[in-house]
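**Student:** If you scroll down you'll find the structure; I have some questions about it.
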Amino acid sequence: MTNATLARLESVDGAEIILESVDVRAHLQCLVSRVTVTQTYRNLQNTNIEAVYTFPLPSDAVLLDLSLELNGKTLRGAVKRNEKAEENYEDAIVDGDSAVLLKKSKLDLFTINVGNLLPNESATVQFEYAQLHYWQGDSLRFHLPTTIAPRYGDPIAADLAEHEVPEYALSIDHGFSLTFRVEGELALADFECPSHPVRVSMKNGVREFVLSGGSALMDRDFIMVAKQSSQSVLDGLYAQDDEEYVALASFHPVLSENSTESARCVKLVVDCSGSMSGDSIDQAKDALYEILSSLRANDYFNLITFGSDYNLLFNELVPANANNIKEASQFVDRIDANMGGTEIGAALEAAYECGSIKGLSSDLLLITDGQVWDDDRVIAAAQKSGHRIFSVGVSSAVSEGFVRRISELTSGACELVSPRENMSERIVRHFRRIHQPSASSMRIKWPEAPIRQIPDKIETIYAGDTLHVFAWFSNPPEGTSRLVMRLEDGRTVTQEVQFSTKSQNSENLISILPRVAAHTRLQTMDTAKSAQMAVDYQLVTEYTSYVLVAERSEDEKSETLPALRKVHHALPAGYGGISTVCYAPPEVHSFHEQAPSEGVMYLSPPHRSHSGRRNMRQPDWDFDSIGKPALPAFSRNDPYNSFSRLVEKLNALYADESITHLNIDTFEELILFELDQAIADQLVALTPDGTDESNIVICFLMELSRSEPGKDLSRHVKRLIRKASRKNPAVPASVSDTISRLIESSQGVRSSSAGTASL
């Protein structure tokens, strides 16, 4: 672990807030890795803080554990449903205790909150995750993301809370240390690290890699590639899962990669937004030249570039004759990453609509860094398009979740590639997958009939790719599992995986196998069942989060609410053309320029398109300005509801986060803040049972903060309400239930007297 000051934030009063160190320990064996990440936070301010860090993980990471070391004590977290986890966390914050909340913000983004870190106090947070890995041809790629590139669009509209939105500092110097261990037969493979210089050692059959300088900046993904020309006998893994046994069979079938001779219909869609400038766009162009030269005269194609807008080379698909190929090559000559933001949805729609050729499948090669917030809508449209999408995720900090999902959900394939991995060659290789012979049927013969199998139906596999399949049995699955594939050209391909007690030689893997397997089942269930299984197996999902609370003695409790402090991100190396990853001197590897500004960069939706050729010092960002966006504090694109004005006034009244107490305890004050008079009258009617007026007011505000109409109350207001609620006597359950129903039934209802009451 590095002891240097690796991440620096400046508060308004100039004090430093530090993410002091990040240490990563990764262990790879049998296509399964376990990764432990240790983050140390230190508060050098004179007030208590809440450190918030939104960071990337692989999209298929399965979180296994969370712990906190604070003042010599170590606590372990528990997975709970989101509502319960957040309630536990917020209760701890307003009570003056410390707490940690780890949640999934997006498919490949997680947010950790470390609340009530006292002055001069440090906290060490450690979490662990597991991941399945895949052979692609003769290569296996381990990918550790370290930073989030700026993304195009509105993160609030993409369901991130405002405090979760990543921010950037041009001079940030985050760093991490890393140890990467490989055990078993994989340790004998050839390895290369295209992203960082590393030192390697071998002891007792375990190969170990560490960063050459002890630590490195968190400005690019860490990539380790294993290469092995021939595959050994594959062993299956199994473990007891409650009263059943779960098995993992990992197939790597050898298929012919010969292209079909029939005509092809392909659409080439290339991201030319500002974030692609530099290494990414240069190598993408090299790949396009080679792809165009590989097309035959009976093929059909089109070429689309996009940024804030899109350009179609041809209005419809055209034959790949000499004239059209020449025109396309001249079009590629003019390509540059100068088209502004990443309006990928509109470009893909244009590609879908530019036609099809009867009798030919519609396939699309997408080259992009995937840096968009509106990914769910884009993926949903892709699923409806009838196209197979073969995505290539490029850059030193690719948005892996988006580019992988859009391919998986359209029966295509995804390849990730960083600038130093011979990007153009990898793009061309990926393009050739489009023309591989497909399988007309695929099935697995298990040692005995399984209780269930995930995936239950295997529809797509490409030459050289790994297929992971889980199955559950009543008995240990001793014997052979066989994959049988019948190709469309009439050939049959089989591969076997052996299950035996001799292969069960790694408790490190066996102990986590049931939880990794359960994680694959969640996507096949409805929301309620998925959430319950996630709690049962202690898995973080979109419905569940890790939480832990460190209770303090009365004399150590914080008397004030914590000040929010975000951990900022470094811009990825090579991003926007401000530096280069690909052409750094080999002995330096991680060299990059530092941008001159010390300012903090905030992400805001763009309102104009960029034009002109890129400038090495003034790149075409995927956003318009460097300045905090004016995000509305309430009613974001929502229809009017009866509580909008009240929410607005409360947010304005308590905009100063140094205010520590809620000073509202009468119905008249609620009316003053434009609560609907009819609703106020119904609240007044609840007091004859003897309940104090102030208790009714606080109960109403608490129920409002939990409801849909109150979702736009600021975090600070919600905490003030919660703090007041914790100190006020509890109202009868019947009263709180009545208030909750009142809020729910009052949405969109406004009396004629609302806003006209006088006090």
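Residue numbers start at 1 in each chain; chains themselves are named A, B, ... in the order of the structure tokens; ligands are numbered from 1 in the order shown.
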What residues in segment 186-337 of chain A get the DSSP label strand (DSSP E)? Please answer as a ChimeraX atom specification.
**Tutor:** /A:190-192,198-203,206-211,216-217,222-227,237-241,244-251,265-271,300-306,310-312,318-319
**Student:** Skip Ala680 of chain A itself and residues of its chain fewer than 4 positions away, then list as a list in words all residues within 10 Å of it, counting only C-alpha atoms.
**Tutor:**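 Those residues are Phe667, Glu668, Leu670, Ile671, Glu674, Leu675, Asp676, Val684, Ala685, Val697 and Ala754 of chain A.
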**Student:** In Å to one decimal, how far is atom CA of Ala123 of chain A from atom CA of Val516 of chain A?
**Tutor:**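 We find that atom CA of Val516 of chain A and atom CA of Ala123 of chain A lie 28.6 Å from each other.
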**Student:** Near Phe110 of chain A, counting only C-alpha atoms, which residues have an atom at most 8 Å away, once you skip same-chain residues fewer than 5 positions from it, shown as a list in words?
**Tutor:**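 Neighbouring residues, sequence-local ones excluded: Thr54, Phe55, Pro56, Leu57, Leu102, Lys103, Lys104 and Ser105 of chain A.
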**Student:** Restricting it to N, CA, C and O atoms, dump the selection as a compact mmCIF listing (two decimals), in the first residue's frame.
**Tutor:**
```txt
# COMPACT_ATOMS: atom_id res chain seq x y z
N THR A 54 -18.05 7.88 -6.25
CA THR A 54 -18.66 7.05 -7.30
C THR A 54 -17.54 6.53 -8.18
O THR A 54 -16.77 7.32 -8.73
N PHE A 55 -17.44 5.23 -8.31
CA PHE A 55 -16.29 4.63 -9.00
C PHE A 55 -16.75 3.47 -9.88
O PHE A 55 -17.84 2.91 -9.69
N PRO A 56 -15.93 3.08 -10.84
CA PRO A 56 -16.31 2.00 -11.76
C PRO A 56 -15.83 0.64 -11.27
O PRO A 56 -14.80 0.51 -10.61
N LEU A 57 -16.60 -0.39 -11.60
CA LEU A 57 -16.20 -1.79 -11.45
C LEU A 57 -16.62 -2.52 -12.72
O LEU A 57 -17.48 -2.03 -13.47
N LEU A 102 -22.72 1.24 0.56
CA LEU A 102 -22.18 0.90 -0.76
C LEU A 102 -23.33 0.43 -1.63
O LEU A 102 -23.96 -0.59 -1.34
N LYS A 103 -23.61 1.16 -2.70
CA LYS A 103 -24.75 0.84 -3.55
C LYS A 103 -24.35 0.80 -5.02
O LYS A 103 -23.31 1.34 -5.40
N LYS A 104 -25.18 0.17 -5.81
CA LYS A 104 -24.98 0.10 -7.25
C LYS A 104 -25.74 1.26 -7.88
O LYS A 104 -26.96 1.31 -7.82
N SER A 105 -25.01 2.19 -8.50
CA SER A 105 -25.64 3.36 -9.09
C SER A 105 -26.05 3.12 -10.54
O SER A 105 -27.10 3.60 -10.98
```
**Student:** Write out as a ChimeraX atom specification the residues lying within 9 Å of segment 138-146 of chain A, counting only C-alpha atoms and excluding same-chain residues fewer than 5 positions away.
**Tutor:** /A:28,31,33,55-58,133,176,217-231,396-398,400,416,464
**Student:** Where does DSSP see helix (DSSP H, G or I) in segment 340-437 of chain A, if you list the residues as a ChimeraX atom specification?
**Tutor:** /A:344-353,375-384,400-408,423-435
**Student:** Near Asp97 of chain A, counting only C-alpha atoms, which residues have an atom at most 7 Å away, once you skip same-chain residues fewer than 6 positions from it, shown as a ChimeraX atom specification?
**Tutor:** /A:116,550-552,557-558
**Student:** Residues of the last selection are to be written out with C-alpha atoms, as a PDB file, in the first residue's frame.
**Tutor:**
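Below you can see selection18.pdb, which holds the result:
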```
ATOM      1  CA  ASN A 116     -19.525  11.316   9.806  1.00  0.00           C
ATOM      2  CA  ALA A 550     -20.204   2.275  13.669  1.00  0.00           C
ATOM      3  CA  GLU A 551     -21.900   3.434  16.853  1.00  0.00           C
ATOM      4  CA  ARG A 552     -20.009   6.059  18.835  1.00  0.00           C
ATOM      5  CA  LYS A 557     -21.002  11.570  18.509  1.00  0.00           C
ATOM      6  CA  SER A 558     -21.073  14.345  15.944  1.00  0.00           C
TER       7      SER A 558
END
```
**Student:** For Ser122 of chain A, list every protein, DNA or RNA residue within 7 Å, evaluated using only C-alpha atoms, and leave out those in the same chain fewer than 5 positions away; present the list as a VMD selection string.
**Tutor:** chain A and resid 40 to 43 70
**Student:** Considering only C-alpha atoms, return as a list of chain:residue names whatever protein or nucleic-acid residues lie within 7 Å of Arg565 of chain A, sequence-local ones (same chain, fewer than 2 positions apart) excluded.
**Tutor:**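 Near Arg565 of chain A, the qualifying residues are A:Ile49, A:Glu50, A:Ala51, A:Val52, A:Ala563, A:Val567.
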**Student:** Would you mind telling me which residue in A:Met442, A:Ala158, A:Ala149, A:Ala351 lies nearest to Thr492 of chain A when using only C-alpha atoms?
**Tutor:**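 The shortest atom-to-atom distance to Thr492 of chain A comes from A:Met442.
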**Student:** Please indicate the distance in Å from atom CA of Met276 of chain A to atom CA of Val35 of chain A, rounded to one decimal place.
**Tutor:**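 Atom CA of Val35 of chain A lies at a distance of 29.6 Å from atom CA of Met276 of chain A.
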**Student:** Mind pulling up the distance from atom CA of Ile389 of chain A to atom CA of Ala284 of chain A?
**Tutor:**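 Going from atom CA of Ala284 of chain A over to atom CA of Ile389 of chain A covers 17.0 Å.
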